Amino acid sequence: MATTSTTGSTLLQPLSNAVQLPIDQVNFVVCQVFALLAAIWFRTYLHSSKTSSFIRHVVATLLGLYLALFCFGWYALHFLVQSGISYCIMIIIGVENTHNPMMIITQKITSLAYEIHDGMFRKDEELTPSQRDLAVRRMPSLLEYLSYNCNFMGILAGPLCSYKDYITFIEGRSYHVAQSGEGGKGALPCGRTEPSPNTAVIQKLLVCGLSLLFHLTICNTLPVEYNIDGHFQATASWPTKVLYLYVSLLAARPKYYFAWTLADAINNAAGFGFRGYDRNGEARWDLISNLRIQQIEMSTSFKMFLDNWNIQTALWLKRVCYERASLSPTIQTFILSAIWHGVYPGYYLTFLTGVVMTLAARAVRYNIRHYFLEPPQLKLLYDVITWIVTQIAISYTVVPFVLLSIKPSFMFYSSWYYCLHIAGILVLLLLPVKKTQRGKSTHENIQLSRSRKLDERENSLGQNSFSTANNVCSQNQEVASRHSLLKQ
């Protein structure tokens, strides 16, 4: 019998027993399915052309709080308490003082705190292009604030979105604002009907189904914990250990694919997530997508993997920490990520190891890659080798994230003799590291030059999964698409 340990509703306990899954997981999946149906109803009957923004805010908030109550019971009060306290801080203390205390609360609250600070208390010339685009120029009302934090589309699994994106959606302006692009190619043509998200939603639901099936049938047969099994460590050859490490971590990813893709589909079904049209005139529904599965599995660098995994969290870390840190931004960002994830020691081991791997990979790329760009056969060989190394390094790094506890994590690393830690440190000691240019004008030039090449790089993604275009940071892609969409 599945566990009944939950503070939420036990109405679905018979279903939990039937499918042999914990009641909290059953509640989550059922509530997300309900949210998907509610999103379709929301877009159909509460469309911005039929009802006011006030009604859309109220309904989105009440449905969100109901889902939280069903899943978490009285623990759902946490959503109201943290949002209420944060809003009171902004009103009583003043928004100019909110950007630091908000760091202890949630992604949405910290994001909005910085966006208000940027919009109301910093000069435009002090901001990066993305900060200018997302800056909030007026204090949100309490209803807008609660709707942004507690709406039914994202209260259970996100994904994170900016406040301006959300308000643009609620007010029905997403489809009527020009997309950025060369020569206005991304503009919404006059007379074009509002795009339907149905195709995107169906595609994402298919991905959810396949991911869930893979998770239920394969994941349990390839446990990550087997990497530290005494018999396995004593008898397996090194090639077998490497192969099992990769396969076991590969099998652990579909549950994330399922949860994040379902959350994205729910938002799309409500009409949220439209990002304009591509060069072929196809609607793009990836404004708040949280992952790109093909790019994750074909990553040829540590950075490329991180740029396509949990994208909205990566953007949040970039906006609230990396862009604002004056000293060692990479290290500070990884530490913040570990703190945000929780108190398990495995999180800290993973993110501290990630610092070494990221910096070492950056040094290798800077010093070696240019020797392998020509001819194409040599470049292909380089891509294959870097794909293998990246997948092993990622798997090695995230084992503690899955194991959670300190003892099994060190058991794993010691069974590998800390080899990748040592290799990464040696790389950093022996190879010169390119200094990151963090000046504002340089940063803007990089952003603008990359945004002009956005579509060409995305076309390359579709044609060749090993293309070097994949290495472009998804954060920089996001800046280009938002530049006009979010202007008010």
# chains A, B, ... in the order shown; residues from 1 in each chain; ligands from 1

$ residues_around --residues "Ile422 in chain A" --least-positions-apart "6" --cutoff "12 Å" --atoms "only C-alpha atoms" --output "NGL selection string"
:A and (353 or 356-357 or 360 or 413-414 or 416 or 428-429)

$ atom_distance --atom1 "CA of Ser48 in chain A" --atom2 "CA of Asn310 in chain A"
29.6 Å

$ closest_atom_pairs --of "range 320-400 of chain A" --to "range 126-133 of chain A" --cutoff "12 Å" --atoms "only C-alpha atoms" --output "CSV"
residue,atom,partner,partner_atom,distance
A:Val320,CA,A:Gln131,CA,10.0
A:Glu323,CA,A:Thr128,CA,8.4
A:Arg324,CA,A:Leu127,CA,10.1

$ write_last_selection --atoms "all heavy atoms" --output "compact mmCIF listing (two decimals), in the first residue's frame"
# COMPACT_ATOMS: atom_id res chain seq x y z
N VAL A 320 19.43 37.79 -10.72
CA VAL A 320 19.50 38.26 -9.34
C VAL A 320 20.90 38.13 -8.75
O VAL A 320 21.19 38.75 -7.72
CB VAL A 320 18.48 37.54 -8.43
CG1 VAL A 320 17.08 37.68 -8.97
CG2 VAL A 320 18.85 36.08 -8.23
N GLU A 323 24.60 38.76 -12.76
CA GLU A 323 24.74 40.10 -13.34
C GLU A 323 25.05 41.16 -12.28
O GLU A 323 25.54 42.24 -12.61
CB GLU A 323 23.47 40.49 -14.08
CG GLU A 323 23.23 39.74 -15.36
CD GLU A 323 22.01 40.24 -16.11
OE1 GLU A 323 21.12 40.84 -15.47
OE2 GLU A 323 21.94 40.03 -17.33
N ARG A 324 24.77 40.87 -11.03
CA ARG A 324 24.90 41.87 -9.98
C ARG A 324 26.09 41.63 -9.06
O ARG A 324 26.40 42.48 -8.23
CB ARG A 324 23.60 41.91 -9.15
CG ARG A 324 22.37 42.21 -10.01
CD ARG A 324 21.08 42.08 -9.22
NE ARG A 324 19.92 42.06 -10.10
CZ ARG A 324 19.25 43.13 -10.53
NH1 ARG A 324 19.64 44.34 -10.13
NH2 ARG A 324 18.23 43.02 -11.34

$ residues_around --residues "Tyr246 in chain A" --least-positions-apart "3" --cutoff "8 Å" --atoms "only C-alpha atoms" --output "list in words"
Val242, Leu243, Leu249, Leu250, Gln391, Ile392 and Ser395 of chain A
